[in-house]
Amino acid sequence: MSSTPLLFVSVGLFIIDEFAFADSDGTPIQKSFPNQIGGGGTYATIGARIWLPPSSVGMIIDKGDDFPHHVHQKLLSYGHDMWLFREHTNRKTTRALNSYRGDLRNFEYLTPRIRLSPRDLHVTRLSHPATLHFICSPTRALQVISEVDWNPIIIFEPIPDRCVPEELPSLITAMASIDVLSPNAQEAFALLSLTSPVTRDAVQSAALGFLDFGVGPSGKGCVIIRSADLGACVATRAKGCRWVDAFWTAQDTSNIVDVTGQCICILALISSLKRRAVKVPEIAF
């Protein structure tokens with residue numbers, strides 16, 4: 001086993017994404033799109049792999065009896081050491097449908113899921129990483145945090161279907177223990193009951209609203225609101241709001257195959273640099 005320190009682990013789910021498309025009126029569009037590697041945790045882990053060796057990042061992947069061979073080989077191409085595969089011969093791999101109506105995206109699970117938590121890391125080679133990433137409802141985040149018995153950087157993404165005003169009290173409680181809070185713009189607005197259009201000014205107001213509630217120990221945490229072609233808004237109490245521009249913008253649609261996971265990679269970048277004592281770009285912290 002490598003002696004390289006374990007810097008980043010996600011307990012997000014691995015998902016095989018399926019797709020359906022319709023125009024803004026709901027008329028189905030015949031568009032061929034193969035099943036894709038999915039899951040925010042997966043993309044955060046692959047994002048960390050861009051900056052770190054495979055032995056420094058990790059994630060559990062639950063393989064059902066339908067797990068595609070080509071998906072397995074693609075994952076291994078990022079590095080064998082990254083993945084802790086668990087074989088399940090009596091169930092299917094977690095799958096989800098991403099359905100698009102115009103620019104609006106809906107997400108729903110097609111199969112039962114196996115939830116992961118820090119307890120799943122115990123007595124495995126992925127235990128006690130320097131950075132822990134997870135995705136769930138704010139209410140469940142409280143349970144996940146209670147299982148963390150070491151002192152990692154904690155990155156939390158609220159799950160889209162539980163970004164509702166009723167979850168805000170749980171989120172406020174959880175945020176005191178979270179180092180990086182990262183919803184996308186629609187999720188942030190829904191949690192805060194904001195109805196304004198998504199603009200940079202509105203996103204900044206949302207980020208500052210979360211900071212006012214208190215993010216991280218002593219309020220020294222960070223909010224990153226992922227905002228599609230607007231980029232990502234990075235906010236701290238010390239430095240206010242800064243923007244990281246999107247690599248592709250609305251003018252580059254011909255270059256974009258699928259937007260899933262693009263902005264999530266910035267979370268891994270920031271945490272990996274911070275834990276390696278590399279000078280993190282001023283725009284982030």
# chains A, B, ... in the order shown; residues from 1 in each chain; ligands from 1

$ select_by_dssp --residues "range 45-198 of chain A" --states "strand (DSSP E or B)" --output "ChimeraX atom specification"
/A:57-63,83-87,95-101,104-109,131-136,153-158,180-181,184

$ closest_atom_pairs --of "range 3-30 of chain A" --to "range 93-112 of chain A" --cutoff "7 Å" --atoms "only C-alpha atoms" --output "CSV"
residue,atom,partner,partner_atom,distance
A:Ile15,CA,A:Thr94,CA,5.2
A:Ile16,CA,A:Arg95,CA,4.7
A:Asp17,CA,A:Ala96,CA,5.2
A:Glu18,CA,A:Leu97,CA,4.8
A:Phe19,CA,A:Asn98,CA,4.8
A:Ala20,CA,A:Ser99,CA,4.6
A:Phe21,CA,A:Tyr100,CA,4.8
A:Ala22,CA,A:Arg101,CA,4.7
A:Asp23,CA,A:Gly102,CA,4.7
A:Ser24,CA,A:Gly102,CA,4.2
A:Gly26,CA,A:Arg101,CA,6.0

$ atom_distance --atom1 "CA of Pro34 in chain A" --atom2 "CA of Ser77 in chain A"
18.9 Å

$ closest_residue --among "A:Ala190, A:Val180, A:Leu116, A:Val198" --to "Pro165 in chain A" --atoms "only C-alpha atoms"
A:Ala190

$ atom_distance --atom1 "CA of Val11 in chain A" --atom2 "CA of Phe134 in chain A"
5.1 Å

$ residues_around --residues "Leu75 in chain A" --least-positions-apart "2" --cutoff "12 Å" --atoms "only C-alpha atoms" --output "PyMOL selection string"
chain A and resi 14+36-38+42-43+45-46+49+54+58-61+67-73+77-85

$ residues_around --residues "Ile225 in chain A" --least-positions-apart "3" --cutoff "8 Å" --atoms "only C-alpha atoms" --output "list in words"
Ser182, Pro183, Asn184, Ala185, Ala188, Val203, Ala207, Ala232, Cys233 and Val234 of chain A

$ closest_residue --among "A:Ala48, A:Thr173, A:Val244, A:Asp62" --to "Thr131 in chain A" --atoms "only C-alpha atoms"
A:Ala48

$ select_by_dssp --residues "range 97-249 of chain A" --states "helix (DSSP H, G or I)" --output "PyMOL selection string"
chain A and resi 118-121+138-146+160-162+165-175+185-191+200-213+217-219+228-230

$ write_last_selection --atoms "N, CA and C atoms" --output "short mmCIF file (atom, residue, chain, number, x, y, z; two decimals), in the first residue's frame"
data_model
loop_
_atom_site.label_atom_id
_atom_site.label_comp_id
_atom_site.auth_asym_id
_atom_site.auth_seq_id
_atom_site.Cartn_x
_atom_site.Cartn_y
_atom_site.Cartn_z
N PRO A 118 -19.65 8.29 6.76
CA PRO A 118 -18.28 8.09 7.26
C PRO A 118 -18.06 6.71 7.88
N ARG A 119 -19.10 6.10 8.44
CA ARG A 119 -18.93 4.77 9.03
C ARG A 119 -18.50 3.73 7.99
N ASP A 120 -18.90 3.94 6.74
CA ASP A 120 -18.51 3.00 5.69
C ASP A 120 -17.01 3.04 5.42
N LEU A 121 -16.35 4.11 5.84
CA LEU A 121 -14.91 4.24 5.61
C LEU A 121 -14.09 3.51 6.67
N PRO A 138 -29.84 18.59 4.16
CA PRO A 138 -29.31 19.23 5.36
C PRO A 138 -29.63 18.46 6.64
N THR A 139 -30.83 17.88 6.72
CA THR A 139 -31.18 17.12 7.91
C THR A 139 -30.27 15.92 8.08
N ARG A 140 -30.02 15.18 6.99
CA ARG A 140 -29.13 14.03 7.09
C ARG A 140 -27.69 14.46 7.30
N ALA A 141 -27.34 15.65 6.84
CA ALA A 141 -25.97 16.14 7.05
C ALA A 141 -25.62 16.17 8.53
N LEU A 142 -26.59 16.46 9.38
CA LEU A 142 -26.34 16.47 10.82
C LEU A 142 -25.91 15.10 11.31
N GLN A 143 -26.54 14.04 10.77
CA GLN A 143 -26.17 12.68 11.13
C GLN A 143 -24.78 12.34 10.60
N VAL A 144 -24.51 12.72 9.35
CA VAL A 144 -23.20 12.44 8.76
C VAL A 144 -22.10 13.11 9.58
N ILE A 145 -22.31 14.36 9.93
CA ILE A 145 -21.31 15.10 10.70
C ILE A 145 -21.07 14.44 12.06
N SER A 146 -22.12 13.89 12.65
CA SER A 146 -21.98 13.27 13.96
C SER A 146 -21.10 12.02 13.90
N PRO A 160 -30.35 18.16 -4.42
CA PRO A 160 -31.30 19.09 -5.05
C PRO A 160 -32.72 19.01 -4.53
N ASP A 161 -33.27 17.79 -4.38
CA ASP A 161 -34.70 17.70 -4.04
C ASP A 161 -35.00 18.04 -2.59
N ARG A 162 -33.96 18.26 -1.77
CA ARG A 162 -34.18 18.70 -0.39
C ARG A 162 -33.68 20.13 -0.16
N PRO A 165 -37.17 25.44 1.70
CA PRO A 165 -37.08 26.30 2.90
C PRO A 165 -37.18 25.53 4.20
N GLU A 166 -37.92 24.42 4.22
CA GLU A 166 -38.08 23.64 5.45
C GLU A 166 -36.76 23.04 5.94
N GLU A 167 -35.79 22.91 5.05
CA GLU A 167 -34.49 22.35 5.42
C GLU A 167 -33.51 23.41 5.91
N LEU A 168 -33.87 24.68 5.80
CA LEU A 168 -32.93 25.74 6.17
C LEU A 168 -32.52 25.67 7.65
N PRO A 169 -33.44 25.44 8.61
CA PRO A 169 -32.99 25.36 10.01
C PRO A 169 -31.93 24.28 10.23
N SER A 170 -32.12 23.11 9.61
CA SER A 170 -31.11 22.05 9.75
C SER A 170 -29.80 22.47 9.11
N LEU A 171 -29.88 23.15 7.97
CA LEU A 171 -28.66 23.61 7.31
C LEU A 171 -27.92 24.60 8.18
N ILE A 172 -28.63 25.53 8.80
CA ILE A 172 -27.98 26.52 9.65
C ILE A 172 -27.23 25.83 10.79
N THR A 173 -27.85 24.80 11.37
CA THR A 173 -27.17 24.06 12.44
C THR A 173 -25.94 23.34 11.91
N ALA A 174 -26.07 22.71 10.75
CA ALA A 174 -24.96 21.94 10.18
C ALA A 174 -23.80 22.84 9.75
N MET A 175 -24.11 24.04 9.30
CA MET A 175 -23.08 24.89 8.71
C MET A 175 -21.96 25.24 9.68
N ALA A 185 -26.77 27.48 -7.94
CA ALA A 185 -27.54 28.71 -7.75
C ALA A 185 -29.01 28.42 -7.48
N GLN A 186 -29.60 27.50 -8.24
CA GLN A 186 -31.02 27.19 -8.04
C GLN A 186 -31.26 26.61 -6.65
N GLU A 187 -30.36 25.77 -6.19
CA GLU A 187 -30.49 25.16 -4.87
C GLU A 187 -30.35 26.21 -3.77
N ALA A 188 -29.38 27.11 -3.92
CA ALA A 188 -29.18 28.17 -2.94
C ALA A 188 -30.42 29.06 -2.84
N PHE A 189 -30.95 29.43 -3.99
CA PHE A 189 -32.13 30.31 -4.00
C PHE A 189 -33.32 29.61 -3.37
N ALA A 190 -33.48 28.31 -3.64
CA ALA A 190 -34.62 27.58 -3.08
C ALA A 190 -34.52 27.49 -1.56
N LEU A 191 -33.33 27.23 -1.04
CA LEU A 191 -33.15 27.15 0.41
C LEU A 191 -33.48 28.47 1.08
N ARG A 200 -25.32 37.45 -11.31
CA ARG A 200 -24.18 37.46 -10.40
C ARG A 200 -24.48 38.22 -9.11
N ASP A 201 -25.20 39.33 -9.23
CA ASP A 201 -25.54 40.10 -8.02
C ASP A 201 -26.43 39.28 -7.09
N ALA A 202 -27.41 38.56 -7.66
CA ALA A 202 -28.31 37.77 -6.83
C ALA A 202 -27.58 36.60 -6.18
N VAL A 203 -26.67 35.98 -6.92
CA VAL A 203 -25.89 34.87 -6.37
C VAL A 203 -25.01 35.36 -5.22
N GLN A 204 -24.39 36.52 -5.39
CA GLN A 204 -23.56 37.08 -4.32
C GLN A 204 -24.40 37.35 -3.08
N SER A 205 -25.60 37.87 -3.26
CA SER A 205 -26.47 38.13 -2.10
C SER A 205 -26.80 36.83 -1.37
N ALA A 206 -27.04 35.76 -2.13
CA ALA A 206 -27.31 34.46 -1.50
C ALA A 206 -26.09 33.96 -0.74
N ALA A 207 -24.92 34.08 -1.35
CA ALA A 207 -23.69 33.61 -0.68
C ALA A 207 -23.46 34.36 0.62
N LEU A 208 -23.66 35.67 0.59
CA LEU A 208 -23.47 36.46 1.81
C LEU A 208 -24.53 36.14 2.85
N GLY A 209 -25.73 35.76 2.38
CA GLY A 209 -26.77 35.35 3.31
C GLY A 209 -26.38 34.11 4.09
N PHE A 210 -25.80 33.13 3.39
CA PHE A 210 -25.32 31.93 4.09
C PHE A 210 -24.20 32.29 5.07
N LEU A 211 -23.30 33.14 4.65
CA LEU A 211 -22.20 33.53 5.55
C LEU A 211 -22.72 34.23 6.80
N ASP A 212 -23.80 35.00 6.65
CA ASP A 212 -24.38 35.67 7.82
C ASP A 212 -24.89 34.66 8.85
N PHE A 213 -25.36 33.51 8.39
CA PHE A 213 -25.80 32.47 9.32
C PHE A 213 -24.62 31.82 10.04
N PRO A 217 -16.27 26.63 11.58
CA PRO A 217 -15.91 27.03 12.94
C PRO A 217 -15.53 28.51 12.99
N SER A 218 -16.10 29.22 13.93
CA SER A 218 -15.86 30.66 14.10
C SER A 218 -16.24 31.46 12.86
N GLY A 219 -17.11 30.89 12.01
CA GLY A 219 -17.55 31.61 10.83
C GLY A 219 -16.49 31.79 9.77
N ALA A 228 -23.46 27.68 -13.27
CA ALA A 228 -23.48 27.36 -14.71
C ALA A 228 -22.56 28.29 -15.49
N ASP A 229 -23.08 28.90 -16.57
CA ASP A 229 -22.21 29.71 -17.43
C ASP A 229 -21.79 31.02 -16.79
N LEU A 230 -22.39 31.38 -15.64
CA LEU A 230 -21.93 32.57 -14.92
C LEU A 230 -20.61 32.30 -14.20
#

$ atom_distance --atom1 "CA of Val223 in chain A" --atom2 "CA of Gly47 in chain A"
18.2 Å
